[in-house]
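Text of final-v3.pdb (PDB, C-alpha atoms) as supplied:
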```
ATOM      1  CA  MET A 685      -1.121  -8.894  31.111
ATOM      2  CA  SER A 686       0.934 -11.921  32.082
ATOM      3  CA  LYS A 687       4.022 -12.076  34.278
ATOM      4  CA  TYR A 688       6.085 -12.513  31.102
ATOM      5  CA  ASP A 689       4.786  -9.289  29.556
ATOM      6  CA  ARG A 690       6.310  -7.349  32.427
ATOM      7  CA  ILE A 691       9.713  -8.913  31.815
ATOM      8  CA  PHE A 692       9.787  -7.494  28.315
ATOM      9  CA  GLY A 693       8.266  -4.136  29.245
ATOM     10  CA  MET A 694       4.962  -4.670  27.436
ATOM     11  CA  GLU A 695       2.620  -1.725  27.783
ATOM     12  CA  GLU A 696      -1.118  -2.002  28.382
ATOM     13  CA  GLN A 697      -1.742  -0.097  25.146
ATOM     14  CA  GLU A 698      -0.214  -2.998  23.186
ATOM     15  CA  LYS A 699      -3.071  -5.370  24.025
ATOM     16  CA  ASP A 700      -5.255  -4.460  21.014
ATOM     17  CA  LYS A 701      -2.403  -4.223  18.517
ATOM     18  CA  ASP A 702      -2.970  -6.306  15.373
ATOM     19  CA  LEU A 703      -0.175  -6.616  12.831
ATOM     20  CA  LEU A 704      -1.796  -9.466  10.875
ATOM     21  CA  SER A 705      -4.657  -7.423   9.541
ATOM     22  CA  TYR A 706      -5.575  -4.563   7.237
ATOM     23  CA  TYR A 707      -7.603  -1.359   7.509
ATOM     24  CA  TRP A 708     -10.166  -0.653   4.830
ATOM     25  CA  TYR A 709     -11.715   2.526   3.410
ATOM     26  CA  GLU A 710     -14.445   2.038   0.824
ATOM     27  CA  GLY A 711     -15.012   4.687  -1.847
ATOM     28  CA  ILE A 712     -13.244   7.377   0.168
ATOM     29  CA  LEU A 713     -12.101   9.121  -3.033
ATOM     30  CA  SER A 714     -14.570  10.264  -5.681
ATOM     31  CA  PRO A 715     -14.318   9.028  -9.297
ATOM     32  CA  ALA A 716     -13.283  12.568 -10.295
ATOM     33  CA  LYS A 717     -10.404  12.527  -7.768
ATOM     34  CA  CYS A 718      -9.324   9.099  -8.992
ATOM     35  CA  GLU A 719      -9.304  10.338 -12.575
ATOM     36  CA  GLU A 720      -7.272  13.383 -11.518
ATOM     37  CA  MET A 721      -4.740  11.108  -9.797
ATOM     38  CA  ILE A 722      -4.402   8.936 -12.898
ATOM     39  CA  LYS A 723      -3.721  12.050 -15.005
ATOM     40  CA  ILE A 724      -1.152  13.266 -12.451
ATOM     41  CA  GLY A 725       0.556   9.876 -12.380
ATOM     42  CA  LYS A 726       0.848   9.695 -16.161
ATOM     43  CA  ARG A 727       2.720  13.003 -16.289
ATOM     44  CA  PHE A 728       5.881  11.390 -14.937
ATOM     45  CA  PRO A 729       8.415   9.171 -16.735
ATOM     46  CA  LYS A 730       7.585   5.502 -16.750
ATOM     47  CA  GLU A 731       9.960   2.680 -15.949
ATOM     48  CA  THR A 732       9.733  -1.074 -15.827
ATOM     49  CA  ALA A 733       8.873  -2.113 -12.280
ATOM     50  CA  SER A 734      11.540  -4.054 -10.393
ATOM     51  CA  THR A 735      11.835  -5.988  -7.130
ATOM     52  CA  PHE A 736      14.385  -5.999  -4.320
ATOM     53  CA  ALA A 737      16.141  -8.838  -6.139
ATOM     54  CA  ASN A 738      15.694  -7.159  -9.555
ATOM     55  CA  SER A 739      13.612 -10.151 -10.599
ATOM     56  CA  THR A 740      12.273 -10.658 -14.095
ATOM     57  CA  SER A 741       8.645 -10.620 -15.192
ATOM     58  CA  GLU A 742       8.132 -14.036 -13.566
ATOM     59  CA  VAL A 743       7.667 -12.116 -10.297
ATOM     60  CA  ARG A 744       6.614  -8.657 -11.445
ATOM     61  CA  ASP A 745       5.370  -7.370 -14.766
ATOM     62  CA  SER A 746       4.098  -3.795 -14.648
ATOM     63  CA  VAL A 747       5.124  -0.188 -15.143
ATOM     64  CA  VAL A 748       5.667   2.395 -12.410
ATOM     65  CA  ARG A 749       6.012   6.164 -12.349
ATOM     66  CA  TRP A 750       7.396   8.057  -9.341
ATOM     67  CA  VAL A 751       5.287  11.031  -8.256
ATOM     68  CA  PRO A 752       6.956  13.594  -5.970
ATOM     69  CA  LEU A 753       5.382  15.760  -3.308
ATOM     70  CA  ASN A 754       4.491  19.142  -4.808
ATOM     71  CA  GLU A 755       1.593  21.589  -4.911
ATOM     72  CA  ASP A 756      -0.413  19.358  -7.265
ATOM     73  CA  THR A 757       0.117  16.142  -5.297
ATOM     74  CA  GLN A 758      -0.151  17.479  -1.745
ATOM     75  CA  PHE A 759      -3.797  16.355  -1.496
ATOM     76  CA  ILE A 760      -2.788  12.729  -2.162
ATOM     77  CA  PHE A 761      -0.144  12.751   0.568
ATOM     78  CA  ASP A 762      -2.643  14.418   2.931
ATOM     79  CA  GLN A 763      -5.264  11.747   2.236
ATOM     80  CA  ILE A 764      -2.757   8.946   2.823
ATOM     81  CA  ARG A 765      -1.548  10.564   6.044
ATOM     82  CA  GLU A 766      -5.097  10.868   7.405
ATOM     83  CA  CYS A 767      -5.915   7.250   6.587
ATOM     84  CA  CYS A 768      -2.670   5.949   8.056
ATOM     85  CA  GLU A 769      -2.991   7.941  11.256
ATOM     86  CA  GLU A 770      -6.478   6.543  11.842
ATOM     87  CA  ALA A 771      -5.514   2.973  10.925
ATOM     88  CA  ASN A 772      -2.409   3.087  13.081
ATOM     89  CA  LYS A 773      -4.213   4.535  16.087
ATOM     90  CA  ASN A 774      -7.023   1.980  15.913
ATOM     91  CA  LEU A 775      -5.202  -1.162  14.860
ATOM     92  CA  PHE A 776      -1.484  -1.331  14.111
ATOM     93  CA  LYS A 777       0.027   0.941  16.796
ATOM     94  CA  VAL A 778       3.494   0.999  15.265
ATOM     95  CA  ASP A 779       6.115   3.733  15.424
ATOM     96  CA  ILE A 780       5.507   5.956  12.376
ATOM     97  CA  THR A 781       7.146   9.262  11.579
ATOM     98  CA  GLY A 782       6.032  10.189   8.067
ATOM     99  CA  PHE A 783       6.859   9.912   4.375
ATOM    100  CA  THR A 784      10.343   9.213   3.037
ATOM    101  CA  GLU A 785       9.465   8.263  -0.553
ATOM    102  CA  ASP A 786       7.627   9.545  -3.608
ATOM    103  CA  LEU A 787       4.257   8.084  -4.532
ATOM    104  CA  GLN A 788       4.358   5.054  -6.810
ATOM    105  CA  PHE A 789       1.821   5.191  -9.620
ATOM    106  CA  THR A 790       1.539   1.620 -10.895
ATOM    107  CA  GLU A 791       0.107   0.586 -14.250
ATOM    108  CA  TYR A 792      -1.050  -2.955 -14.968
ATOM    109  CA  GLU A 793      -1.972  -2.517 -18.622
ATOM    110  CA  GLY A 794      -3.083  -5.631 -20.476
ATOM    111  CA  ALA A 795      -3.403  -9.359 -19.955
ATOM    112  CA  GLY A 796      -0.702 -11.046 -17.897
ATOM    113  CA  LYS A 797       0.496  -8.007 -15.959
ATOM    114  CA  HIS A 798       0.952  -8.930 -12.302
ATOM    115  CA  TYR A 799       3.083  -8.825  -9.147
ATOM    116  CA  ASP A 800       3.546 -12.131  -7.331
ATOM    117  CA  TRP A 801       3.824 -12.587  -3.535
ATOM    118  CA  HIS A 802       6.164 -10.072  -1.897
ATOM    119  CA  PRO A 803       6.611  -7.867   1.178
ATOM    120  CA  ASP A 804       7.310  -4.132   0.851
ATOM    121  CA  ILE A 805      10.322  -4.171   3.141
ATOM    122  CA  GLY A 806      13.769  -5.288   2.100
ATOM    123  CA  PRO A 807      17.303  -4.007   1.507
ATOM    124  CA  GLY A 808      17.338  -0.224   1.812
ATOM    125  CA  LYS A 809      13.613  -0.137   2.626
ATOM    126  CA  ASN A 810      13.561  -1.342   6.240
ATOM    127  CA  LYS A 811      11.916   1.853   7.506
ATOM    128  CA  ARG A 812       8.628   1.132   5.735
ATOM    129  CA  LYS A 813       5.954   0.482   8.362
ATOM    130  CA  LEU A 814       2.590   0.797   6.604
ATOM    131  CA  THR A 815       1.742   0.191   2.955
ATOM    132  CA  VAL A 816      -1.124   2.173   1.433
ATOM    133  CA  VAL A 817      -2.808   1.138  -1.828
ATOM    134  CA  ILE A 818      -5.314   3.459  -3.508
ATOM    135  CA  GLN A 819      -7.437   1.767  -6.168
ATOM    136  CA  LEU A 820      -7.956   4.244  -9.000
ATOM    137  CA  SER A 821      -9.529   2.124 -11.744
ATOM    138  CA  ASP A 822     -13.207   1.379 -12.092
ATOM    139  CA  PRO A 823     -13.668  -2.405 -11.610
ATOM    140  CA  LYS A 824     -15.647  -2.433 -14.877
ATOM    141  CA  ASP A 825     -12.454  -1.473 -16.728
ATOM    142  CA  TYR A 826     -10.518  -4.669 -15.999
ATOM    143  CA  THR A 827     -10.789  -8.324 -14.998
ATOM    144  CA  GLY A 828      -8.317 -10.188 -12.818
ATOM    145  CA  GLY A 829      -5.805  -7.917 -11.101
ATOM    146  CA  ASP A 830      -6.970  -8.711  -7.576
ATOM    147  CA  LEU A 831      -5.014  -7.333  -4.637
ATOM    148  CA  ILE A 832      -4.568 -10.237  -2.220
ATOM    149  CA  VAL A 833      -3.057  -9.778   1.254
ATOM    150  CA  HIS A 834      -1.826 -12.704   3.363
ATOM    151  CA  THR A 835      -2.946 -12.175   6.952
ATOM    152  CA  GLY A 836      -2.515 -15.816   7.966
ATOM    153  CA  SER A 837      -4.877 -16.697   5.148
ATOM    154  CA  GLU A 838      -5.291 -15.112   1.729
ATOM    155  CA  VAL A 839      -7.721 -12.181   1.739
ATOM    156  CA  THR A 840      -8.823 -10.703  -1.588
ATOM    157  CA  MET A 841      -9.470  -6.991  -1.276
ATOM    158  CA  LYS A 842     -12.809  -5.779  -2.585
ATOM    159  CA  LYS A 843     -12.485  -3.945  -5.880
ATOM    160  CA  GLY A 844     -13.825  -0.425  -5.933
ATOM    161  CA  ARG A 845     -12.774   2.907  -7.350
ATOM    162  CA  GLY A 846     -11.527   5.173  -4.583
ATOM    163  CA  ASN A 847     -10.992   2.332  -2.105
ATOM    164  CA  ILE A 848      -7.927   2.557   0.129
ATOM    165  CA  VAL A 849      -6.340  -0.311   2.035
ATOM    166  CA  VAL A 850      -3.599   0.029   4.675
ATOM    167  CA  PHE A 851      -1.565  -2.893   6.001
ATOM    168  CA  PRO A 852       1.826  -3.535   7.656
ATOM    169  CA  SER A 853       4.551  -3.443   5.018
ATOM    170  CA  PHE A 854       5.984  -6.813   6.026
ATOM    171  CA  LEU A 855       2.783  -8.681   5.113
ATOM    172  CA  LEU A 856       3.009 -10.723   1.936
ATOM    173  CA  HIS A 857       0.677  -9.498  -0.791
ATOM    174  CA  LYS A 858       0.257  -9.783  -4.544
ATOM    175  CA  VAL A 859      -1.657  -8.542  -7.567
ATOM    176  CA  SER A 860      -3.025 -11.480  -9.561
ATOM    177  CA  LYS A 861      -2.644 -11.535 -13.337
ATOM    178  CA  ILE A 862      -4.749  -9.115 -15.328
ATOM    179  CA  LYS A 863      -7.093 -11.005 -17.638
ATOM    180  CA  SER A 864      -8.269  -7.965 -19.592
ATOM    181  CA  GLY A 865      -8.195  -4.176 -19.363
ATOM    182  CA  ASN A 866      -6.051  -1.845 -17.257
ATOM    183  CA  ARG A 867      -5.632  -1.415 -13.494
ATOM    184  CA  TYR A 868      -4.131   1.738 -11.981
ATOM    185  CA  THR A 869      -3.129   2.298  -8.368
ATOM    186  CA  MET A 870      -1.303   4.894  -6.308
ATOM    187  CA  ILE A 871       0.886   3.456  -3.578
ATOM    188  CA  ASN A 872       2.989   4.855  -0.771
ATOM    189  CA  TRP A 873       4.598   3.793   2.454
ATOM    190  CA  VAL A 874       4.569   5.492   5.830
ATOM    191  CA  SER A 875       7.912   5.087   7.535
ATOM    192  CA  GLY A 876       9.289   4.988  11.042
ATOM    193  CA  ASN A 877      12.361   3.712  12.838
ATOM    194  CA  PRO A 878      13.613   0.461  11.245
ATOM    195  CA  TRP A 879      11.896  -2.756  12.336
ATOM    196  CA  ARG A 880      13.886  -4.438  15.075
TER     197      ARG A 880
END
```

As structure tokens, how would this structure be written, given the file I've shared?
Amino acid sequence: MSKYDRIFGMEEQEKDKDLLSYYWYEGILSPAKCEEMIKIGKRFPKETASTFANSTSEVRDSVVRWVPLNEDTQFIFDQIRECCEEANKNLFKVDITGFTEDLQFTEYEGAGKHYDWHPDIGPGKNKRKLTVVIQLSDPKDYTGGDLIVHTGSEVTMKKGRGNIVVFPSFLLHKVSKIKSGNRYTMINWVSGNPWR
């Protein structure tokens, strides 16, 4: 700790904090659970995905469905909470309090579907602290559609059914254009006091 850290009240526990990174879980959900989550997601009304600026398909071209917390979806929220608590304790160390939003089931169906570079915080969403992406599709079912997170350099997340990645919501990330097939994900955000 330097003399300047003390001026700003830095705590010793902050020394290992890393906000330019991601936390990875490989194959944590079984194929059967992933299939169940896809079926749950498709029960809800679909809408054209938008951005904070309500941009056109030049930025985002996909469909989303909003999945509320209920008896059938509790296991998804529980899984996300467990992953986020571990990731936050070991790496991010940010102030998190819990969920404030429904799950977002996202469908990238067919060639050209994508979501260009963006953060997950913006107007009305400044309490988002950690973004969680659950990969539900088998990589054999689609080409393209890579999740890429910018951590100072572009890092392409490994494709795998049941993989979960957690990263700070302010990090830029994108889903590259689908070349063929369909990609399904379940996304949520763990919130805390607004960034300041």

Query raised in the report: Do you know which residues the PyMOL selection byres ((chain A and resi 864) around 9) returns on this file, as JSON, numbers by chain?
Result: {"A": [793, 794, 795, 796, 825, 826, 827, 828, 829, 862, 863, 865, 866]}

Query raised in the report: For Phe736 in chain A, which of A:Arg845, A:Arg765, A:His802, A:Lys811 is the closest residue, counting all atoms listed in the file?
Result: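 Under the stated criterion, the closest residue is A:His802.
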
Query raised in the report: What is the CA of Val850 in chain A to CA of Glu766 in chain A distance in Å?
Result: 11.3 Å

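Shortest atom-to-atom contact with Tyr709 in chain A among A:Val839, A:Cys768, A:Val778, A:Ile871: A:Cys768, counting all atoms listed in the file.
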
Report summary line: Between CA of Tyr868 in chain A and CA of Glu785 in chain A lies a distance of 18.9 Å

**Report entry** Contacts of Phe789 in chain A at 7 Å (all atoms listed in the file; same-chain gap of 2+ positions) as a PyMOL selection string
**Finding:** chain A and resi 725+748-751+787+791+869-871

Written-out range 851-875 of chain A (N, CA, C and O atoms) as a CSV table (one decimal), in the first residue's frame:
```csv
chain,number,residue,atom,x,y,z
A,851,PHE,N,-18.6,-11.2,-15.8
A,851,PHE,CA,-17.7,-10.1,-15.9
A,851,PHE,C,-18.3,-8.8,-15.5
A,851,PHE,O,-19.6,-8.7,-15.5
A,852,PRO,N,-17.5,-7.7,-15.2
A,852,PRO,CA,-18.1,-6.5,-14.8
A,852,PRO,C,-19.0,-5.9,-15.9
A,852,PRO,O,-18.6,-5.9,-17.1
A,853,SER,N,-20.1,-5.3,-15.5
A,853,SER,CA,-21.1,-4.9,-16.5
A,853,SER,C,-20.6,-3.7,-17.4
A,853,SER,O,-21.2,-3.5,-18.4
A,854,PHE,N,-19.6,-3.0,-16.9
A,854,PHE,CA,-19.1,-1.9,-17.7
A,854,PHE,C,-18.2,-2.3,-18.8
A,854,PHE,O,-17.8,-1.5,-19.7
A,855,LEU,N,-17.7,-3.5,-18.8
A,855,LEU,CA,-16.8,-4.0,-19.9
A,855,LEU,C,-17.5,-4.1,-21.2
A,855,LEU,O,-18.6,-4.6,-21.3
A,856,LEU,N,-16.8,-3.6,-22.2
A,856,LEU,CA,-17.4,-3.7,-23.6
A,856,LEU,C,-17.3,-5.2,-24.0
A,856,LEU,O,-16.4,-5.9,-23.7
A,857,HIS,N,-18.4,-5.6,-24.7
A,857,HIS,CA,-18.4,-7.0,-25.1
A,857,HIS,C,-19.4,-7.1,-26.4
A,857,HIS,O,-20.1,-6.1,-26.6
A,858,LYS,N,-19.3,-8.2,-27.1
A,858,LYS,CA,-20.1,-8.3,-28.3
A,858,LYS,C,-20.4,-9.7,-28.6
A,858,LYS,O,-19.6,-10.6,-28.1
A,859,VAL,N,-21.4,-10.0,-29.4
A,859,VAL,CA,-21.6,-11.3,-30.0
A,859,VAL,C,-21.4,-11.1,-31.5
A,859,VAL,O,-22.1,-10.3,-32.2
A,860,SER,N,-20.4,-11.8,-32.1
A,860,SER,CA,-20.1,-11.7,-33.5
A,860,SER,C,-21.3,-12.2,-34.3
A,860,SER,O,-22.1,-13.0,-33.8
A,861,LYS,N,-21.3,-11.9,-35.6
A,861,LYS,CA,-22.4,-12.3,-36.5
A,861,LYS,C,-22.5,-13.9,-36.6
A,861,LYS,O,-21.5,-14.5,-36.7
A,862,ILE,N,-23.7,-14.4,-36.5
A,862,ILE,CA,-23.9,-15.8,-36.7
A,862,ILE,C,-23.7,-16.1,-38.2
A,862,ILE,O,-24.2,-15.3,-39.1
A,863,LYS,N,-23.0,-17.1,-38.5
A,863,LYS,CA,-22.8,-17.5,-39.9
A,863,LYS,C,-23.8,-18.6,-40.3
A,863,LYS,O,-24.3,-18.6,-41.4
A,864,SER,N,-24.2,-19.5,-39.3
A,864,SER,CA,-25.2,-20.5,-39.6
A,864,SER,C,-25.7,-21.0,-38.3
A,864,SER,O,-25.0,-21.0,-37.3
A,865,GLY,N,-27.0,-21.5,-38.3
A,865,GLY,CA,-27.5,-22.1,-37.1
A,865,GLY,C,-28.1,-21.1,-36.1
A,865,GLY,O,-28.3,-19.9,-36.4
A,866,ASN,N,-28.3,-21.6,-34.9
A,866,ASN,CA,-29.0,-20.8,-33.8
A,866,ASN,C,-28.2,-20.8,-32.5
A,866,ASN,O,-27.7,-21.9,-32.1
A,867,ARG,N,-28.1,-19.7,-31.9
A,867,ARG,CA,-27.4,-19.6,-30.6
A,867,ARG,C,-28.3,-19.0,-29.5
A,867,ARG,O,-28.9,-18.0,-29.7
A,868,TYR,N,-28.4,-19.7,-28.4
A,868,TYR,CA,-29.3,-19.3,-27.3
A,868,TYR,C,-28.5,-19.1,-26.1
A,868,TYR,O,-27.6,-19.9,-25.7
A,869,THR,N,-28.8,-18.0,-25.4
A,869,THR,CA,-28.2,-17.7,-24.1
A,869,THR,C,-29.2,-17.3,-23.1
A,869,THR,O,-30.3,-16.8,-23.4
A,870,MET,N,-28.9,-17.4,-21.8
A,870,MET,CA,-29.6,-16.8,-20.7
A,870,MET,C,-28.7,-15.8,-20.0
A,870,MET,O,-27.6,-16.2,-19.7
A,871,ILE,N,-29.2,-14.6,-19.8
A,871,ILE,CA,-28.4,-13.6,-19.3
A,871,ILE,C,-29.1,-12.9,-18.1
A,871,ILE,O,-30.3,-12.8,-18.1
A,872,ASN,N,-28.3,-12.5,-17.1
A,872,ASN,CA,-28.8,-11.6,-16.1
A,872,ASN,C,-27.7,-10.8,-15.5
A,872,ASN,O,-26.5,-10.9,-15.9
A,873,TRP,N,-28.1,-9.9,-14.6
A,873,TRP,CA,-27.2,-8.9,-14.1
A,873,TRP,C,-27.4,-8.9,-12.6
A,873,TRP,O,-28.5,-8.9,-12.1
A,874,VAL,N,-26.3,-8.9,-11.8
A,874,VAL,CA,-26.3,-8.8,-10.4
A,874,VAL,C,-26.1,-7.3,-10.1
A,874,VAL,O,-25.1,-6.7,-10.6
A,875,SER,N,-26.9,-6.7,-9.3
A,875,SER,CA,-26.9,-5.3,-9.0
A,875,SER,C,-26.3,-5.0,-7.7
A,875,SER,O,-26.2,-5.8,-6.8
```
